[in-house]
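With CSV, C-alpha atoms inside, this is run.csv:
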chain,number,residue,atom,x,y,z
E,1,MET,CA,18.5,27.5,3.7
E,2,PRO,CA,16.3,24.7,2.4
E,3,ASP,CA,12.6,24.8,2.6
E,4,ARG,CA,10.9,22.4,5.0
E,5,ILE,CA,7.5,20.8,5.1
E,6,ALA,CA,6.2,18.5,7.8
E,7,LEU,CA,3.0,16.4,7.5
E,8,ARG,CA,1.3,14.0,9.8
E,9,ALA,CA,-1.0,11.6,8.0
E,10,PRO,CA,-3.1,8.5,8.9
E,11,LEU,CA,-1.5,5.2,7.9
E,12,SER,CA,-4.3,4.2,5.7
E,13,ASP,CA,-4.6,3.4,2.0
E,14,ASP,CA,-7.2,6.2,1.7
E,15,PHE,CA,-4.6,8.8,2.4
E,16,VAL,CA,-1.9,7.4,0.2
E,17,GLY,CA,-3.2,9.6,-2.7
E,18,VAL,CA,-3.0,12.7,-0.5
E,19,VAL,CA,0.6,11.9,0.4
E,20,ARG,CA,1.4,11.2,-3.2
E,21,LEU,CA,0.0,14.6,-4.2
E,22,ILE,CA,2.1,16.3,-1.5
E,23,VAL,CA,5.2,14.4,-2.5
E,24,GLY,CA,4.5,15.4,-6.1
E,25,GLY,CA,4.1,19.1,-5.1
E,26,VAL,CA,7.4,18.9,-3.1
E,27,ALA,CA,9.2,17.4,-6.1
E,28,GLU,CA,7.8,20.0,-8.4
E,29,ARG,CA,9.1,22.7,-6.1
E,30,ALA,CA,12.5,21.1,-6.3
E,31,ASP,CA,12.4,21.0,-10.1
E,32,LEU,CA,12.6,17.2,-10.2
E,33,GLY,CA,11.6,15.7,-13.5
E,34,PHE,CA,8.5,13.6,-13.9
E,35,GLU,CA,10.4,10.4,-13.5
E,36,ASP,CA,12.3,11.5,-10.5
E,37,MET,CA,9.1,12.7,-8.9
E,38,ASP,CA,7.4,9.4,-9.7
E,39,ASP,CA,10.3,7.5,-8.2
E,40,LEU,CA,10.1,9.5,-4.9
E,41,GLN,CA,6.3,8.9,-4.8
E,42,LEU,CA,6.8,5.2,-5.3
E,43,ALA,CA,9.4,5.0,-2.5
E,44,VAL,CA,7.1,6.8,0.0
E,45,GLU,CA,4.1,4.8,-1.2
E,46,ARG,CA,5.9,1.4,-0.8
E,47,LEU,CA,7.2,2.3,2.7
E,48,LEU,CA,3.7,3.3,3.8
E,49,ALA,CA,2.3,0.1,2.3
E,50,GLU,CA,4.7,-2.1,4.1
E,51,ALA,CA,4.3,-0.5,7.4
E,52,VAL,CA,1.7,-1.8,9.8
E,53,SER,CA,-1.4,0.1,9.1
E,54,LEU,CA,-2.2,1.5,12.5
E,55,GLY,CA,-2.0,5.0,13.7
E,56,TYR,CA,-0.3,7.9,12.0
E,57,VAL,CA,3.0,8.6,10.3
E,58,ALA,CA,5.1,11.8,10.1
E,59,LEU,CA,6.6,12.8,6.9
E,60,ARG,CA,9.2,15.6,6.6
E,61,PHE,CA,10.5,17.1,3.5
E,62,GLU,CA,13.6,19.2,3.0
E,63,ILE,CA,13.6,20.9,-0.4
E,64,GLY,CA,16.7,22.1,-2.1
E,65,PRO,CA,17.5,22.8,-5.7
E,66,GLY,CA,17.2,19.6,-7.6
E,67,ARG,CA,17.0,17.6,-4.4
E,68,VAL,CA,14.5,16.4,-1.9
E,69,ARG,CA,15.2,14.8,1.4
E,70,THR,CA,12.4,12.9,3.0
E,71,SER,CA,12.0,11.2,6.3
E,72,VAL,CA,9.1,8.8,6.9
E,73,GLY,CA,8.3,7.5,10.4
E,74,PRO,CA,8.1,6.4,13.0
E,75,LEU,CA,7.0,3.2,11.4
E,76,HIS,CA,6.3,0.1,13.4
E,77,SER,CA,7.3,-3.1,11.8
E,78,GLU,CA,10.2,-5.3,12.9
E,79,ALA,CA,10.2,-7.1,9.6
E,80,LEU,CA,10.4,-3.8,7.7
E,81,ALA,CA,13.3,-2.6,9.9
E,82,ARG,CA,15.1,-5.9,9.5
E,83,ALA,CA,14.6,-5.9,5.8
E,84,LEU,CA,15.9,-2.4,5.3
E,85,GLN,CA,18.9,-2.8,7.6
E,86,GLU,CA,20.1,-6.0,6.0
E,87,PRO,CA,22.4,-5.7,3.0
E,88,ASP,CA,20.8,-5.7,-0.4
E,89,ASP,CA,20.7,-9.2,-1.8
E,90,GLY,CA,21.3,-7.9,-5.3
E,91,PRO,CA,19.3,-7.1,-8.3
E,92,ALA,CA,17.8,-10.5,-8.8
E,93,THR,CA,15.8,-10.3,-5.6
E,94,LEU,CA,12.8,-8.0,-5.4
E,95,THR,CA,12.8,-6.7,-1.9
E,96,LEU,CA,11.7,-3.4,-0.5
E,97,GLY,CA,15.4,-2.6,-0.1
E,98,ARG,CA,16.0,-3.3,-3.8
E,99,ILE,CA,13.0,-1.1,-4.7
E,100,LEU,CA,14.2,1.8,-2.6
E,101,SER,CA,17.8,1.5,-3.8
E,102,THR,CA,16.5,1.7,-7.4
E,103,VAL,CA,14.2,4.6,-7.1
E,104,VAL,CA,16.0,7.0,-4.7
E,105,SER,CA,19.5,8.3,-4.7
E,106,SER,CA,20.1,7.0,-1.2
E,107,TYR,CA,18.2,5.8,1.9
E,108,GLY,CA,18.9,5.1,5.5
E,109,VAL,CA,17.2,3.6,8.5
E,110,GLU,CA,17.3,5.1,12.0
E,111,THR,CA,15.9,3.1,14.9
E,112,VAL,CA,14.0,5.3,17.3
E,113,ALA,CA,12.0,4.4,20.5
E,114,ASP,CA,10.1,1.1,21.0
E,115,GLY,CA,11.4,-0.7,17.9
E,116,HIS,CA,10.1,2.0,15.6
E,117,ILE,CA,12.1,3.2,12.7
E,118,VAL,CA,12.4,6.3,10.6
E,119,VAL,CA,13.4,5.9,7.0
E,120,ARG,CA,15.3,8.7,5.3
E,121,LEU,CA,15.2,9.0,1.6
E,122,GLU,CA,17.1,11.4,-0.6
E,123,LYS,CA,16.2,12.0,-4.2
E,124,VAL,CA,18.7,14.0,-6.3
E,125,MET,CA,17.8,15.1,-9.8
E,126,GLU,CA,20.1,13.3,-12.2
E,127,ASP,CA,21.5,16.4,-13.7
E,128,ALA,CA,22.1,17.9,-10.2
E,129,GLY,CA,23.8,14.8,-8.9
X,1,MET,CA,-12.8,-1.8,33.8
X,2,ARG,CA,-9.7,-1.9,31.6
X,3,GLU,CA,-8.6,-5.1,33.3
X,4,SER,CA,-12.0,-6.8,32.9
X,5,ARG,CA,-12.0,-5.9,29.2
X,6,GLU,CA,-8.5,-7.4,28.9
X,7,VAL,CA,-9.7,-10.6,30.7
X,8,SER,CA,-12.7,-11.0,28.4
X,9,ARG,CA,-10.5,-10.4,25.3
X,10,LEU,CA,-8.1,-13.1,26.5
X,11,ARG,CA,-10.9,-15.5,27.2
X,12,ALA,CA,-12.4,-15.0,23.8
X,13,ARG,CA,-9.0,-15.6,22.2
X,14,ALA,CA,-8.6,-18.8,24.1
X,15,GLU,CA,-12.1,-20.0,23.1
X,16,ASP,CA,-11.2,-19.2,19.4
X,17,ARG,CA,-8.1,-21.2,19.7
X,18,ASP,CA,-10.0,-24.1,21.2
X,19,LEU,CA,-12.5,-24.0,18.3
X,20,LEU,CA,-9.7,-23.7,15.7
X,21,ARG,CA,-8.0,-26.7,17.2
X,22,ARG,CA,-11.2,-28.7,17.1
X,23,TYR,CA,-11.8,-27.7,13.5
X,24,GLN,CA,-8.2,-28.1,12.2
X,25,GLU,CA,-7.3,-31.3,14.1
X,26,TYR,CA,-10.6,-33.2,14.2
X,27,GLY,CA,-12.4,-31.7,11.3
X,28,ASP,CA,-15.2,-30.4,13.6
X,29,VAL,CA,-17.3,-28.4,11.1
X,30,LEU,CA,-19.6,-27.2,13.9
X,31,ALA,CA,-16.5,-25.5,15.5
X,32,ARG,CA,-15.9,-23.8,12.2
X,33,GLU,CA,-19.5,-22.6,12.0
X,34,ARG,CA,-19.2,-21.3,15.6
X,35,LEU,CA,-16.0,-19.4,14.7
X,36,VAL,CA,-17.8,-17.8,11.7
X,37,SER,CA,-20.7,-16.7,13.8
X,38,ARG,CA,-18.3,-15.3,16.5
X,39,HIS,CA,-16.5,-13.2,13.9
X,40,LEU,CA,-19.3,-12.1,11.7
X,41,PRO,CA,-19.6,-8.8,13.6
X,42,LEU,CA,-16.0,-8.1,12.6
X,43,VAL,CA,-16.9,-8.9,9.0
X,44,ARG,CA,-20.0,-6.7,9.2
X,45,ALA,CA,-18.0,-3.8,10.7
X,46,LEU,CA,-15.4,-4.0,8.0
X,47,ALA,CA,-18.0,-4.4,5.2
X,48,ARG,CA,-19.8,-1.3,6.4
X,49,ARG,CA,-16.7,0.7,5.7
X,50,TYR,CA,-17.2,-0.1,2.0
X,51,ALA,CA,-20.9,0.7,1.9
X,52,GLY,CA,-22.2,3.3,-0.5
X,53,ARG,CA,-19.8,2.5,-3.3
X,54,GLY,CA,-22.4,1.0,-5.6
X,55,GLU,CA,-22.6,-2.5,-4.0
X,56,PRO,CA,-25.3,-3.7,-1.6
X,57,LEU,CA,-24.0,-4.0,1.9
X,58,GLU,CA,-25.2,-7.6,2.1
X,59,ASP,CA,-23.1,-8.6,-0.9
X,60,ILE,CA,-20.0,-6.9,0.6
X,61,GLU,CA,-20.7,-8.8,3.9
X,62,GLN,CA,-20.9,-12.1,2.0
X,63,VAL,CA,-17.7,-11.4,0.2
X,64,GLY,CA,-16.1,-10.5,3.5
X,65,ALA,CA,-17.3,-13.7,5.0
X,66,ILE,CA,-15.4,-15.6,2.4
X,67,GLY,CA,-12.3,-13.9,3.6
X,68,LEU,CA,-13.1,-14.9,7.1
X,69,LEU,CA,-13.6,-18.6,6.0
X,70,LYS,CA,-10.2,-18.5,4.3
X,71,ALA,CA,-8.6,-17.0,7.4
X,72,ILE,CA,-10.1,-19.8,9.5
X,73,ASP,CA,-8.8,-22.4,7.1
X,74,ARG,CA,-5.3,-20.9,6.9
X,75,PHE,CA,-4.8,-20.0,10.5
X,76,GLU,CA,-1.8,-21.7,12.0
X,77,LEU,CA,-2.3,-22.6,15.7
X,78,GLU,CA,1.4,-22.1,16.5
X,79,ARG,CA,1.1,-18.4,15.8
X,80,GLU,CA,0.6,-16.3,18.9
X,81,VAL,CA,-1.9,-14.0,17.4
X,82,SER,CA,-5.7,-13.6,17.6
X,83,LEU,CA,-7.9,-14.9,14.8
X,84,ALA,CA,-9.5,-11.4,14.6
X,85,THR,CA,-6.1,-9.9,13.8
X,86,TYR,CA,-5.3,-12.6,11.3
X,87,ALA,CA,-8.7,-12.4,9.7
X,88,THR,CA,-8.9,-8.7,9.2
X,89,PRO,CA,-6.5,-8.4,6.2
X,90,ASN,CA,-8.1,-11.5,4.7
X,91,VAL,CA,-11.6,-10.0,4.9
X,92,VAL,CA,-10.5,-6.6,3.6
X,93,GLY,CA,-8.4,-8.2,0.9
X,94,GLU,CA,-11.4,-10.2,-0.3
X,95,ILE,CA,-13.6,-7.1,-0.3
X,96,LYS,CA,-11.0,-5.2,-2.3
X,97,ARG,CA,-10.6,-7.9,-4.8
X,98,HIS,CA,-14.4,-8.0,-5.2
X,99,PHE,CA,-14.5,-4.3,-6.0
X,100,ARG,CA,-11.6,-4.7,-8.4
X,101,ASP,CA,-13.3,-7.6,-10.2
X,102,LYS,CA,-16.5,-5.6,-10.5
X,103,GLY,CA,-14.5,-2.9,-12.2
X,104,TRP,CA,-15.3,-0.3,-9.6
X,105,ALA,CA,-14.7,3.2,-11.0
X,106,ILE,CA,-14.1,6.4,-9.1
X,107,ARG,CA,-15.9,9.5,-10.0
X,108,VAL,CA,-13.5,11.8,-11.7
X,109,PRO,CA,-14.2,15.3,-13.0
X,110,ARG,CA,-14.3,15.3,-16.8
X,111,ALA,CA,-11.6,18.0,-17.0
X,112,LEU,CA,-9.2,16.0,-15.0
X,113,GLN,CA,-9.9,12.9,-17.1
X,114,GLU,CA,-9.2,14.8,-20.3
X,115,LEU,CA,-6.1,16.3,-18.9
X,116,ASN,CA,-4.9,12.9,-17.8
X,117,ALA,CA,-5.6,11.5,-21.2
X,118,ARG,CA,-3.5,14.2,-22.9
X,119,MET,CA,-0.7,13.9,-20.4
X,120,ALA,CA,0.9,10.6,-21.5
X,121,GLN,CA,1.5,11.9,-25.0
X,122,ALA,CA,2.8,15.3,-23.7
X,123,ILE,CA,5.3,13.6,-21.3
X,124,ASP,CA,6.6,11.4,-24.1
X,125,ARG,CA,6.8,14.2,-26.6
X,126,LEU,CA,8.7,16.5,-24.1
X,127,THR,CA,11.0,13.6,-23.0
X,128,SER,CA,12.0,13.1,-26.6
X,129,LYS,CA,12.3,16.9,-27.2
X,130,LEU,CA,14.3,17.7,-24.1
X,131,GLY,CA,16.3,14.5,-23.9
X,132,ARG,CA,15.3,14.1,-20.2
X,133,SER,CA,12.2,13.6,-18.1
X,134,PRO,CA,10.2,16.9,-18.2
X,135,SER,CA,9.4,18.7,-14.9
X,136,VAL,CA,5.8,19.1,-13.8
X,137,ALA,CA,6.0,22.8,-14.7
X,138,GLU,CA,7.1,22.0,-18.2
X,139,ILE,CA,4.3,19.5,-18.6
X,140,ALA,CA,1.8,22.1,-17.3
X,141,GLU,CA,3.1,24.7,-19.8
X,142,ALA,CA,2.8,22.3,-22.7
X,143,LEU,CA,-0.8,21.5,-21.8
X,144,ASP,CA,-1.6,25.1,-21.0
X,145,THR,CA,-2.5,24.4,-17.4
X,146,THR,CA,-1.1,24.7,-13.9
X,147,PRO,CA,1.4,22.4,-12.1
X,148,GLU,CA,-1.2,21.7,-9.5
X,149,ALA,CA,-3.7,20.5,-12.1
X,150,VAL,CA,-1.0,18.2,-13.6
X,151,LEU,CA,-0.4,16.7,-10.2
X,152,GLU,CA,-4.1,16.2,-9.6
X,153,ALA,CA,-4.6,14.6,-13.0
X,154,LEU,CA,-1.6,12.3,-12.4
X,155,GLU,CA,-3.1,11.3,-9.1
X,156,VAL,CA,-6.5,10.7,-10.7
X,157,GLY,CA,-4.9,8.3,-13.2
X,158,SER,CA,-3.0,6.5,-10.4
X,159,ALA,CA,-6.2,6.2,-8.4
X,160,TYR,CA,-8.1,4.8,-11.3
X,161,THR,CA,-5.6,2.0,-11.9
X,162,THR,CA,-4.8,1.0,-8.3
X,163,LEU,CA,-8.2,1.5,-6.7
X,164,SER,CA,-7.4,2.5,-3.2
X,165,LEU,CA,-10.3,1.1,-1.2
X,166,SER,CA,-9.4,1.2,2.4
X,167,PRO,CA,-11.9,2.9,4.6
X,168,VAL,CA,-11.2,6.2,6.2
X,169,PRO,CA,-10.2,5.7,9.8
X,170,GLY,CA,-12.5,7.0,12.5
X,171,ALA,CA,-16.0,5.8,12.9
X,172,GLU,CA,-18.6,7.7,10.8
X,173,ASP,CA,-21.4,5.6,12.2
X,174,GLY,CA,-20.4,5.8,15.8
X,175,GLU,CA,-18.8,2.4,15.9
X,176,ALA,CA,-15.3,1.6,16.9
X,177,ASP,CA,-12.9,1.0,14.1
X,178,PRO,CA,-12.3,-2.8,14.0
X,179,LEU,CA,-8.6,-2.2,13.8
X,180,ASP,CA,-8.7,-0.3,17.1
X,181,VAL,CA,-10.7,-3.1,18.7
X,182,ILE,CA,-8.0,-5.6,17.7
X,183,GLY,CA,-5.5,-4.0,20.0
X,184,GLU,CA,-2.0,-2.8,19.9
X,185,GLU,CA,-0.3,-5.9,21.0
X,186,ASP,CA,-0.8,-7.6,17.6
X,187,ALA,CA,0.6,-4.7,15.6
X,188,GLY,CA,3.8,-6.5,14.8
X,189,PHE,CA,2.0,-9.7,13.9
X,190,GLU,CA,3.8,-12.2,11.7
X,191,ARG,CA,1.6,-11.6,8.7
X,192,TRP,CA,3.9,-8.8,7.9
X,193,GLU,CA,7.0,-10.7,8.2
X,194,ASP,CA,7.5,-11.6,4.6
X,195,ARG,CA,6.0,-8.5,3.2
X,196,ALA,CA,9.3,-6.8,2.6
X,197,ASP,CA,10.2,-9.6,0.2
X,198,LEU,CA,7.9,-9.4,-2.7
X,199,GLU,CA,9.6,-12.1,-4.7
X,200,PRO,CA,7.2,-15.0,-4.0
X,201,ALA,CA,4.2,-13.0,-5.4
X,202,LEU,CA,5.9,-12.3,-8.7
X,203,GLY,CA,4.5,-15.4,-10.3
X,204,GLN,CA,0.9,-14.1,-10.2
X,205,LEU,CA,1.7,-11.2,-12.5
X,206,ALA,CA,1.3,-11.2,-16.2
X,207,MET,CA,4.4,-11.7,-18.3
X,208,ARG,CA,4.6,-8.1,-19.4
X,209,GLU,CA,4.4,-6.8,-15.8
X,210,ARG,CA,7.0,-9.2,-14.6
X,211,GLU,CA,9.3,-8.1,-17.5
X,212,ILE,CA,8.7,-4.4,-16.7
X,213,LEU,CA,9.6,-5.0,-13.0
X,214,ARG,CA,12.7,-7.0,-14.1
X,215,MET,CA,13.8,-4.2,-16.3
X,216,ARG,CA,13.3,-1.6,-13.7
X,217,PHE,CA,14.6,-3.3,-10.6
X,218,GLU,CA,17.1,-5.8,-12.0
X,219,GLU,CA,18.5,-4.0,-15.0
X,220,GLY,CA,17.9,-0.6,-13.3
X,221,LEU,CA,16.5,0.9,-16.5
X,222,PRO,CA,14.7,4.2,-16.3
X,223,GLN,CA,11.0,4.3,-17.1
X,224,THR,CA,11.6,6.1,-20.4
X,225,GLN,CA,13.8,3.2,-21.7
X,226,ILE,CA,11.4,0.6,-20.5
X,227,ALA,CA,8.6,2.5,-22.3
X,228,ASP,CA,10.6,2.4,-25.5
X,229,ARG,CA,11.2,-1.3,-25.2
X,230,VAL,CA,7.7,-2.3,-24.5
X,231,GLY,CA,6.0,0.3,-26.7
X,232,LEU,CA,4.0,2.0,-24.0
X,233,SER,CA,4.0,5.6,-22.7
X,234,GLN,CA,6.2,6.4,-19.7
X,235,MET,CA,3.1,7.2,-17.7
X,236,HIS,CA,1.7,3.8,-18.5
X,237,VAL,CA,4.9,2.1,-17.4
X,238,SER,CA,4.8,4.1,-14.2
X,239,ARG,CA,1.3,2.9,-13.5
X,240,LEU,CA,2.0,-0.7,-14.3
X,241,ILE,CA,5.0,-0.7,-11.9
X,242,ARG,CA,2.9,0.7,-9.1
X,243,LYS,CA,0.0,-1.5,-9.8
X,244,SER,CA,2.2,-4.6,-10.0
X,245,LEU,CA,3.9,-3.9,-6.7
X,246,ALA,CA,0.5,-3.2,-5.0
X,247,ALA,CA,-0.9,-6.4,-6.4
X,248,MET,CA,2.1,-8.4,-5.1
X,249,ARG,CA,1.7,-6.9,-1.7
X,250,ASP,CA,-2.0,-7.7,-1.7
X,251,GLU,CA,-1.3,-11.3,-2.7
X,252,LEU,CA,1.2,-11.7,0.1
X,253,ALA,CA,-1.2,-10.1,2.6
X,254,SER,CA,-4.0,-12.5,1.7
Whole structure given in structure tokens:
Amino acid sequence: MPDRIALRAPLSDDFVGVVRLIVGGVAERADLGFEDMDDLQLAVERLLAEAVSLGYVALRFEIGPGRVRTSVGPLHSEALARALQEPDDGPATLTLGRILSTVVSSYGVETVADGHIVVRLEKVMEDAG
Amino acid sequence: MRESREVSRLRARAEDRDLLRRYQEYGDVLARERLVSRHLPLVRALARRYAGRGEPLEDIEQVGAIGLLKAIDRFELEREVSLATYATPNVVGEIKRHFRDKGWAIRVPRALQELNARMAQAIDRLTSKLGRSPSVAEIAEALDTTPEAVLEALEVGSAYTTLSLSPVPGAEDGEADPLDVIGEEDAGFERWEDRADLEPALGQLAMREREILRMRFEEGLPQTQIADRVGLSQMHVSRLIRKSLAAMRDELAS
């Protein structure tokens, strides 16, 4: 049975550090290496940065051995949703999708109510993959 | 009550557009001045959020006013969005840049600073010894501290380089948050539309940062290999990546 953590945080730059600390703590509990932890922090940080900075965001973490599943949302940004649902243009284009596909093992986008999206990220430790 | 507030908001928006048209199409500088004075309260409200960080409030307001002027100059009349919504990220961006340029530093406990300074070497040493990226627990053990202290020290280092300056939401001084005043309907405003594509902002980065991003996101190299190639610590590479992506986002937002 994986451990779960849920967090509701203001969508504000001031709280990005708090979220990073929590993501770091979660990654540490999953025994992810420093680089994997840093990747997951970067993925969450970029998502929050690209979302419209109003209101709150929910983050949910599911912690298994060598693996962290994270969901971020609901986020409101049509452009963000479009960008993440379109196919990756390839390594030569630096888009958010390219960043996510580089730093996490997999990610997916789920459309919820009112054009909001929830982004699911999975980071698996390289050795545990 | 709600309806009358809505009516007055729409009226103000229409007046702004009229002034913007007069300025942009006929070069009416009086219209521009009028727009500035109409939106100075927004600038002041945003500036107050950054007060108490070592800069006189008047200076922050002046810097914010530059952001407002830029917003007025760049505003495209075809866009169905209010000037206040458009101006807010410009004003905030200008203020943030000001603090960055002034080398604003956060207060960090000495113990965390020292731990942070020791960490880069420890991570590189452990990576080399273990043949993989060390866990936080391993870093903590090597530095004779706790995993929590390692995480905190890492965060301190990140904060020092990226300088998060956005104000805490919720009015401490009893005023409404300007972002709340702007209203929900503009939340999906076009200024975000290109933000998922950072490519156009790559050019403003230094050559080394561009090369690091290329290695990470085009070649897909891990930070450890990038660190070896460029002769920096893995921690430094991590910070440069974060800082570069944040700078590119700021560039696009402004």
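The space between CA of Pro89 (chain X) and CA of Ala12 (chain X) spans 19.7 Å.
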Find the spatial neighbours of region 209-222 of chain X, counting all atoms listed in the file, within a cut-off of 7 Å - ignore same-chain residues fewer than 3 positions away - and output them as a list in words.
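Near neighbours after the sequence-gap exclusion: Pro91, Ala92, Arg98, Ile99 and Thr102 of chain E; Leu202, Leu205, Ala206, Gln225, Ile226, Leu240, Ile241 and Ser244 of chain X.
The protein and nucleic acid residues lying at most 6 Å from Ile95 (chain X) are X:Val63, X:Gly64, X:Val92, X:Gly93, X:Arg97, X:His98, with all atoms listed in the file considered and sequence neighbours fewer than 2 positions away removed.
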Counting all atoms listed in the file, which residues of chain E come no farther than 7 Å from chain X, as JSON, numbers by chain?
{"E": [12, 13, 14, 17, 21, 24, 28, 31, 32, 33, 34, 35, 50, 52, 77, 78, 79, 80, 83, 91, 92, 93, 94, 95, 96, 98, 99, 102]}
Which residues are close to region 41-48 of chain E, i.e. within 6 Å by all atoms listed in the file, leaving aside same-chain residues fewer than 2 positions away? Reply as a list in words.
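Skipping anything fewer than 2 positions along the chain leaves Arg20, Asp38, Asp39, Glu50, Ala51 and Leu100 of chain E.
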List the residues sitting within 10 Å of (17.6, 12.2, -3.9) in the file's frame, using all atoms listed in the file, as a ChimeraX atom specification.
/E:32,36-37,39-40,66-70,103-107,121-126,128-129
Next, write the just-selected residues to a file, as a short mmCIF file (atom, residue, chain, number, x, y, z; two decimals), in the frame of the given file, keeping C-alpha atoms as the atom set.
data_model
loop_
_atom_site.label_atom_id
_atom_site.label_comp_id
_atom_site.auth_asym_id
_atom_site.auth_seq_id
_atom_site.Cartn_x
_atom_site.Cartn_y
_atom_site.Cartn_z
CA LEU E 32 12.60 17.20 -10.20
CA ASP E 36 12.30 11.50 -10.50
CA MET E 37 9.10 12.70 -8.90
CA ASP E 39 10.30 7.50 -8.20
CA LEU E 40 10.10 9.50 -4.90
CA GLY E 66 17.20 19.60 -7.60
CA ARG E 67 17.00 17.60 -4.40
CA VAL E 68 14.50 16.40 -1.90
CA ARG E 69 15.20 14.80 1.40
CA THR E 70 12.40 12.90 3.00
CA VAL E 103 14.20 4.60 -7.10
CA VAL E 104 16.00 7.00 -4.70
CA SER E 105 19.50 8.30 -4.70
CA SER E 106 20.10 7.00 -1.20
CA TYR E 107 18.20 5.80 1.90
CA LEU E 121 15.20 9.00 1.60
CA GLU E 122 17.10 11.40 -0.60
CA LYS E 123 16.20 12.00 -4.20
CA VAL E 124 18.70 14.00 -6.30
CA MET E 125 17.80 15.10 -9.80
CA GLU E 126 20.10 13.30 -12.20
CA ALA E 128 22.10 17.90 -10.20
CA GLY E 129 23.80 14.80 -8.90
#
Can you measure CA of Glu62 (chain E) to CA of Asp3 (chain E) for me? One decimal in Å is fine.
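Here the two named atoms are 5.7 Å from each other.
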Counting all atoms listed in the file, what is within 10 Å of Gly115 (chain E), bar same-chain residues fewer than 4 positions away, as a ChimeraX atom specification?
/E:74-78,81,111
